[in-house]
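First the structure, in the form of structure tokens, and then the observations on it.
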Protein chains: 2
Amino acid sequence: MNGAEAAVHALIAGGIKVCFANPGTSEIHLVAALDRLPEVRCICCLFEGVATGAADGYARMAGHPASTLLHLGPGLANSLANLHNASRAGIGLVNIIGDHAPYHRRHDPPLASDIEALARPYSKWLRTSNTAADVARDVGEAIVAARTAPGQIATLILPADSAWNDGAMSIAAPGVRTPPKAPKERVEGVAAMLRAGKRCGILLSGNALYGRGLTAAGRIAAATGAQLLAPFSFTRIERGAGRPAVERIPYPVEQAVELLSRFRCLILVGASPPVSFFAHPCRKSTLIPEDCEIADLARPGEDYAGTLDDLITALSLRQTPPLANDPKRPSLPTGEISPQGLATAVAALLPENTIVVDESITSGRSMMALTKNAPSHDWMVNTGGSIGIGMPLAVGAAVACPDRPVLCLSADGSGMYTLQALWTMARESLRITTVIFANRAYAILKQEYASVGVGPPGRRALDMLEIGRPDLDWVSLARGMGVPAARVTTLEGFAIQLRAGLESQGPNLVEVVL
Amino acid sequence: MNGAEAAVHALIAGGIKVCFANPGTSEIHLVAALDRLPEVRCICCLFEGVATGAADGYARMAGHPASTLLHLGPGLANSLANLHNASRAGIGLVNIIGDHAPYHRRHDPPLASDIEALARPYSKWLRTSNTAADVARDVGEAIVAARTAPGQIATLILPADSAWNDGAMSIAAPGVRTPPKAPKERVEGVAAMLRAGKRCGILLSGNALYGRGLTAAGRIAAATGAQLLAPFSFTRIERGAGRPAVERIPYPVEQAVELLSRFRCLILVGASPPVSFFAHPCRKSTLIPEDCEIADLARPGEDYAGTLDDLITALSLRQTPPLANDPKRPSLPTGEISPQGLATAVAALLPENTIVVDESITSGRSMMALTKNAPSHDWMVNTGGSIGIGMPLAVGAAVACPDRPVLCLSADGSGMYTLQALWTMARESLRITTVIFANRAYAILKQEYASVGVGPPGRRALDMLEIGRPDLDWVSLARGMGVPAARVTTLEGFAIQLRAGLESQGPNLVEVVL
């Protein structure tokens with residue numbers, strides 16, 4: 001068995017079912033091994049940021065990591081922006097990156113680069129497999145690292161000779177490290193805080209925002225009056241009718257400060273104390289009131305759901321059900337396009353079990369508020385602020401959950417960074433409806449420009465903040481990659497296309513002209 | 001004056017005329033400063049790899065560096081693949097990257113990352129400006145570094161408070177380090193080698209392939225019978241009728257070995273001994289015969305043209321004119337599309353002074369041979385093997401030389417990495433004709449797959465090597481970004497569209513279905 005075959009056998013043994021790939025010559029032996037071993041589904045991406053973003057979306061929905069296959073330093077480089085987002089979110093994924101054989105690398109061929117240096121900033125686990133015999137063990141350890149709570153980026157560099165040489169062997173299924181629960185003293189301390197009757201917020205992150213963790217948190221909130229909160233950047237919230245209400249901390253600093261000013265104590269479940277995205281010349285970075293007490297209940301890497309269960313026990317809440325959102329559907333809106341109208345249409349039409357990927361930035365700010373009583377669904381957002389994750393996340397979510405519709409709310413500015421994802425949606429017939437809010441601008445930047453006190457932008461500044469002249473035509477862009485598309489200019493038109501898209505079994509795109 | 005204004009003043013003082021930009025909130029003060037100081041032309045790019053690739057193309061044609069403006073770690077990350085290519089080629093450019101103010105960064109906000117770690121692998125010069133007072137000096141030093149021969153990547157990180165704080169000052173125009181000529185002994189040694197009558201190749205790189213350097217090299221070749229060679233990866237060759245013949249070392253290893261087997265000595269002008277792109281299990285990396293003597297005439301960072309002039313003196317060749325290609329045009333080809341036919345059409349129609357950017361990979365392998373007698377023109381190629389540089393290079397070349405037509409030969413696979421460049425071509429009305437050779441595959445990978453002895457690819461491997469299903473529709477993609485486009489399926493159709501494109505004053509695209 002050569003190293004490449006051992007790598008794929010080890011992926012299979014470790015439960016990796018999908019590989020989002022953009023390989024090159026140095027990965028040819030891995031492609032050949034994947035060709036012969038159908039247990040790992042290979043999905044071709046035409047840009048590497050699509051691959052890592054898709055692996056992120058897959059992990060968020062599947063609950064276990066995917067792998068990527070990338071070509072040397074530049075292939076990795078193209079993937080880094082979405083690795084930034086994944087690293088911020090505690091997402092597990094396994095990158096496999098080819099390299100030159102060392103005897104070739106010493107000649108400094110054109111594609112030689114310091115792959116480890118490029119990988120290090122976003123890899124919690126990083127190794128180069130120096131011989132074929134090491135490959136299976138290294139892949140196994142990478143998978144263990146990727147699955148370590150809350151999830152980690154593991155990067156394995158595989159020189160071409162380690163892939164093509166014989167002498168490799170298989171490994172048994174690697175184990176999974178069970179995350180520890182928070183120590184008893186912390187749980188008792190938080191229980192005392194909640195019993196004291198102060199106005200508490202519980203800031204949930206990671207997998208405390210869905211499944212068993214969210215149910216437990218909802219019961220605690222119902223019993224104690226504490227409010228459940230999510231950071232502005234979260235990986236996935238289970239929400240809608242029947243699920244506990246969770247309020248997301250808004251992006252605009254004033255709104256975030258206003259929301260957080262209600263609390264005298266903030267209980268953190270895997271979250272950090274909230275800070276603003278950007279500093280401003282005359283504003284502080286932290287968002288919580290100075291007299292707000294902070295309590296770490298569970299820290300990153302700990303078992304959030306188990307710790308919340310312990311808190312329920314400490315509070316003796318065994319019988320309290322979680323407080324759930326009521327089911328409620330608005331009527332379909334009509335007339336001119338508006339953010340409120342678009343959000344109302346989504347709330348009116350969202351099918352139960354939809355996965356919503358939201359990178360609509362400014363245009364979608366009404367979306368979460370208006371959809372909280374829609375049938376239960378999952379909601380995912382950008383986690384690290386590097387825009388261009390929306391469509392890739394949707395690809396990964398759709399691969400992980402082929403029976404669920406995916407609604408990807410994107411924008412013309414953010415969408416352009418990784419529009420190549422549309423092609424993968426078409427090739428894999430993924431059930432994704434992409435909505436592009438086309439405001440012809442980096443609208444968030446125009447808002448920031450106005451807020452930092454540099455005066456109104458002139459023509460040359462507007463040229464950097466607006467992306468019209470020419471307007472992007474997303475209907476053509478989508479069709480160019482094999483995705484059916486329509487443009488709408490009224491709310492009636494939006495409702496028709498959105499309904500058709502969500503009922504379709506394949507990809508489609510709706511451009512909403514704002 | 002605040003730091004941002006000082007930065008732009010320093011760019012102007014240092015002769016930087018263009019900034020390829022994709023800014024974000026942390027760069028807002030720089031955008032505001034650029035708004036007020038029109039001496040630096042800002043060009044918006046919708047993806048950062050377009051910005052760095054364009055800065056590369058600009059520097060190759062303008063002979064001085066451009067700057068880029070990038071948003072924090074992820075913005076830099078998106079730009080790295082084309083920085084890899086630029087660093088391999090010795091291209092000068094100045095990256096300016098915003099960062100959080102340190103008092104904000106310590107809260108670890110979502111967009112915080114180790115920007116220096118990400119920048120280091122591809123930056124010869126790297127600094128963070130810690131106060132507004134440092135900014136102008138740092139920008140000045142960055143420009144000096146970028147202009148240091150043969151050209152270097154200089155990266156300046158500008159925290160937001162260094163940009164918005166007052167207390168900055170201007171600088172005088174930074175100096176330029178004059179590259180030294182090669183020492184006399186090396187020149188004498190090479191002169192003796194040439195006089196000895198052995199079959200010599202002179203492998204030129206960087207600016208020895210155009211202008212004064214190429215003229216000098218051509219005279220030496222004419223007088224001594226040495227053959228002028230270019231590496232497979234070169235930045236720019238002045239070629240066609242009236243210019244000296246230079247043979248490019250081919251990509252396929254067998255062809256490269258065959259060409260180089262003719263020589264008993266190889267004289268290097270800024271070049272390294274040629275090696276294959278990739279190692280293969282049963283092949284050595286070096287391409288030159290074992291009995292071929294190698295002589296470094298000029299090393300990277302030295303004055304190639306001045307050294308070649310010294311060699312002329314040492315050889316007493318003052319009167320020899322360079323041996324030049326004859327002018328010759330083939331007739332327009334007709335019939336079915338073929339690589340030979342496409343190259344013949346380009347040779348028949350190429351206007352004098354055209355800048356050809358060639359990232360056609362496998363489809364364009366006949367292009368250089370068949371165009372060597374076309375009217376004089378410049379030819380640029382990918383320098384580091386990271387595909388996705390073609391269209392960005394074309395953007396930069398067209399900005400540097402607005403009076404010259406640019407012909408960008410791309411492919412469907414390589415084009416997809418940075419297709420966002422088409423939008424910048426449209427916004428800036430750049431005179432670029434992009435030809436997409438649409439073979440629906442990473443054809444080079446299919447060739448490599450066949451050559452490494454892993455047997456024929458199965459369906460799952462072909463899914464990674466072919467990019468059809470669905471076929472990309474480049475006419476729609478181009479129109480989606482405001483670039484007029486046509487699809488051709490015959491050589492007659494190609495000739496009609498190519499002629500119209502090259503005569504047009506704006507961007508256009510021709511998709512050639514192979």
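Labels for the structure tokens follow display order: chains A, B, ..., residues from 1 in each chain, ligands from 1.
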Next item on the list: Within 6 Å of chain A, which residues of chain B are there when counting only C-alpha atoms? Please give them as a VMD selection string.
Entry: chain B and resid 31 35 44 47 74 77 to 78 80 to 81 104 109 to 111 277 279 285 384 to 386 417 427 460 to 461 464 469 to 470 472 to 473 476 to 477 480 to 482
Could you write those residues out with N, CA, C and O atoms, as a short mmCIF file (atom, residue, chain, number, x, y, z; two decimals), in the first residue's frame?
data_model
loop_
_atom_site.label_atom_id
_atom_site.label_comp_id
_atom_site.auth_asym_id
_atom_site.auth_seq_id
_atom_site.Cartn_x
_atom_site.Cartn_y
_atom_site.Cartn_z
N VAL B 31 -8.82 55.03 2.87
CA VAL B 31 -9.73 55.34 1.75
C VAL B 31 -10.04 56.83 1.74
O VAL B 31 -10.04 57.47 0.68
N ASP B 35 -9.09 59.47 -1.09
CA ASP B 35 -10.17 60.26 -1.68
C ASP B 35 -9.72 61.71 -1.91
O ASP B 35 -10.07 62.33 -2.90
N CYS B 44 -10.64 49.57 -7.79
CA CYS B 44 -11.34 48.62 -6.92
C CYS B 44 -11.31 47.22 -7.53
O CYS B 44 -11.54 47.04 -8.73
N PHE B 47 -11.90 40.96 -5.44
CA PHE B 47 -11.22 39.85 -4.77
C PHE B 47 -9.75 40.23 -4.69
O PHE B 47 -9.19 40.78 -5.64
N PRO B 74 -7.47 38.09 6.63
CA PRO B 74 -8.15 37.38 5.55
C PRO B 74 -8.01 38.06 4.18
O PRO B 74 -7.89 37.37 3.16
N ALA B 77 -4.73 37.07 3.08
CA ALA B 77 -4.74 35.64 2.74
C ALA B 77 -5.25 35.44 1.31
O ALA B 77 -4.66 34.69 0.52
N ASN B 78 -6.34 36.12 0.98
CA ASN B 78 -6.89 35.99 -0.37
C ASN B 78 -5.93 36.47 -1.45
O ASN B 78 -6.07 36.12 -2.62
N LEU B 80 -2.59 36.00 -1.34
CA LEU B 80 -1.27 35.35 -1.23
C LEU B 80 -0.88 34.52 -2.45
O LEU B 80 0.29 34.43 -2.79
N ALA B 81 -1.84 33.88 -3.09
CA ALA B 81 -1.47 33.00 -4.20
C ALA B 81 -0.77 33.82 -5.29
O ALA B 81 0.26 33.38 -5.84
N HIS B 104 -7.65 47.43 20.81
CA HIS B 104 -8.81 46.62 20.41
C HIS B 104 -8.39 45.17 20.17
O HIS B 104 -9.09 44.23 20.54
N PRO B 109 -10.97 40.42 18.83
CA PRO B 109 -12.22 40.50 18.07
C PRO B 109 -12.20 39.53 16.89
O PRO B 109 -11.13 39.01 16.54
N PRO B 110 -13.36 39.28 16.29
CA PRO B 110 -13.44 38.21 15.29
C PRO B 110 -12.41 38.32 14.16
O PRO B 110 -11.89 37.30 13.72
N LEU B 111 -12.12 39.52 13.71
CA LEU B 111 -11.20 39.64 12.57
C LEU B 111 -9.74 39.74 12.97
O LEU B 111 -8.88 40.02 12.13
N PHE B 277 9.01 21.33 -12.97
CA PHE B 277 8.00 21.86 -12.05
C PHE B 277 7.75 20.89 -10.91
O PHE B 277 7.74 21.27 -9.75
N ALA B 279 8.37 16.84 -9.26
CA ALA B 279 9.14 15.59 -9.29
C ALA B 279 8.22 14.48 -9.77
O ALA B 279 7.01 14.54 -9.62
N SER B 285 15.21 15.78 -10.98
CA SER B 285 14.58 17.10 -10.99
C SER B 285 15.26 18.07 -11.93
O SER B 285 14.63 18.96 -12.50
N GLY B 384 4.93 31.58 -11.01
CA GLY B 384 5.12 30.73 -9.83
C GLY B 384 4.28 29.48 -9.84
O GLY B 384 4.30 28.71 -8.88
N GLY B 385 3.54 29.27 -10.92
CA GLY B 385 2.76 28.04 -11.03
C GLY B 385 1.43 28.07 -10.31
O GLY B 385 0.68 27.10 -10.37
N SER B 386 1.13 29.15 -9.60
CA SER B 386 -0.18 29.24 -8.95
C SER B 386 -1.15 29.80 -9.98
O SER B 386 -1.09 31.00 -10.32
N TYR B 417 -10.21 30.89 -10.96
CA TYR B 417 -9.67 31.27 -9.65
C TYR B 417 -9.82 32.77 -9.38
O TYR B 417 -9.97 33.17 -8.23
N ARG B 427 -15.16 48.02 -15.24
CA ARG B 427 -15.27 49.32 -14.56
C ARG B 427 -14.25 50.31 -15.10
O ARG B 427 -14.53 51.48 -15.28
N ARG B 460 -14.44 8.73 -10.63
CA ARG B 460 -14.28 9.62 -9.47
C ARG B 460 -13.02 10.48 -9.61
O ARG B 460 -13.01 11.64 -9.20
N ALA B 461 -11.99 9.93 -10.20
CA ALA B 461 -10.80 10.75 -10.45
C ALA B 461 -11.10 11.78 -11.55
O ALA B 461 -10.73 12.95 -11.43
N MET B 464 -12.44 15.01 -10.58
CA MET B 464 -11.51 16.00 -10.02
C MET B 464 -10.65 16.65 -11.11
O MET B 464 -10.03 17.69 -10.88
N ARG B 469 -19.79 19.28 -16.77
CA ARG B 469 -20.92 18.83 -15.91
C ARG B 469 -21.09 19.73 -14.71
O ARG B 469 -20.81 19.30 -13.61
N PRO B 470 -21.59 20.93 -14.76
CA PRO B 470 -21.95 21.61 -16.01
C PRO B 470 -20.75 22.32 -16.61
O PRO B 470 -19.82 22.74 -15.89
N LEU B 472 -18.82 25.40 -17.89
CA LEU B 472 -18.87 26.83 -17.59
C LEU B 472 -19.25 27.59 -18.86
O LEU B 472 -18.77 27.27 -19.95
N ASP B 473 -20.11 28.57 -18.71
CA ASP B 473 -20.52 29.39 -19.84
C ASP B 473 -19.88 30.77 -19.65
O ASP B 473 -20.38 31.61 -18.91
N SER B 476 -21.78 34.05 -20.46
CA SER B 476 -22.64 34.55 -19.37
C SER B 476 -21.82 35.12 -18.22
O SER B 476 -22.17 36.16 -17.66
N LEU B 477 -20.74 34.45 -17.86
CA LEU B 477 -19.92 34.95 -16.75
C LEU B 477 -19.39 36.35 -17.06
O LEU B 477 -19.42 37.24 -16.21
N GLY B 480 -22.11 38.88 -17.00
CA GLY B 480 -22.51 39.11 -15.61
C GLY B 480 -21.63 40.13 -14.91
O GLY B 480 -22.01 40.71 -13.89
N MET B 481 -20.43 40.36 -15.46
CA MET B 481 -19.54 41.37 -14.88
C MET B 481 -19.36 42.56 -15.82
O MET B 481 -18.45 43.36 -15.63
N GLY B 482 -20.23 42.66 -16.82
CA GLY B 482 -20.22 43.85 -17.67
C GLY B 482 -19.24 43.81 -18.82
O GLY B 482 -18.93 44.86 -19.40
#
Next item on the list: Just the alpha helix (DSSP H) stuff from stretch 344-507 of chain B, please, per backbone DSSP, written as JSON, numbers by chain.
Entry: {"B": [344, 345, 346, 347, 348, 349, 367, 368, 369, 370, 390, 391, 392, 393, 394, 395, 396, 397, 398, 399, 400, 412, 413, 414, 415, 421, 422, 423, 424, 425, 426, 427, 443, 444, 445, 446, 447, 448, 449, 450, 451, 459, 460, 461, 462, 463, 464, 465, 474, 475, 476, 477, 478, 479, 480, 491, 492, 493, 494, 495, 496, 497, 498, 499, 500, 501, 502, 503]}
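Of note, atom CA of A:Glu290 and atom CA of A:Glu258 are spaced 13.1 Å apart.
Every residue of stretch 152-226 of chain B found in strand (DSSP E) when DSSP is run on the backbone appears here: Ile153, Ala154, Thr155, Leu156, Ile157, Leu158, Pro159, Cys200, Gly201, Ile202, Leu203 and Leu204 of chain B.
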Next item on the list: For B:Gln227, work out the shell of residues within 8 Å, counting only C-alpha atoms and skipping chain neighbours fewer than 6 positions away, then give it as a list in words.
Entry: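 Counting only the stated atoms, we get Cys200, Gly201, Ile202, Ala221, Val246 and Glu247 of chain B.
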Write the residues you've just listed into a file as a PDB file, in the first residue's frame, and include C-alpha atoms for each of them.
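And here's result-v4.pdb as it stands now:
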ATOM      1  CA  CYS B 200      26.477  27.843 -25.070  1.00  0.00           C
ATOM      2  CA  GLY B 201      23.018  28.803 -23.930  1.00  0.00           C
ATOM      3  CA  ILE B 202      22.394  32.124 -22.208  1.00  0.00           C
ATOM      4  CA  ALA B 221      24.208  35.796 -29.280  1.00  0.00           C
ATOM      5  CA  VAL B 246      14.678  33.738 -27.393  1.00  0.00           C
ATOM      6  CA  GLU B 247      13.652  30.145 -26.865  1.00  0.00           C
TER       7      GLU B 247
END
Next item on the list: Find the distance between atom CA of A:Ala397 and atom CA of A:Met61 and write it in Å to one decimal.
Entry: 5.8 Å
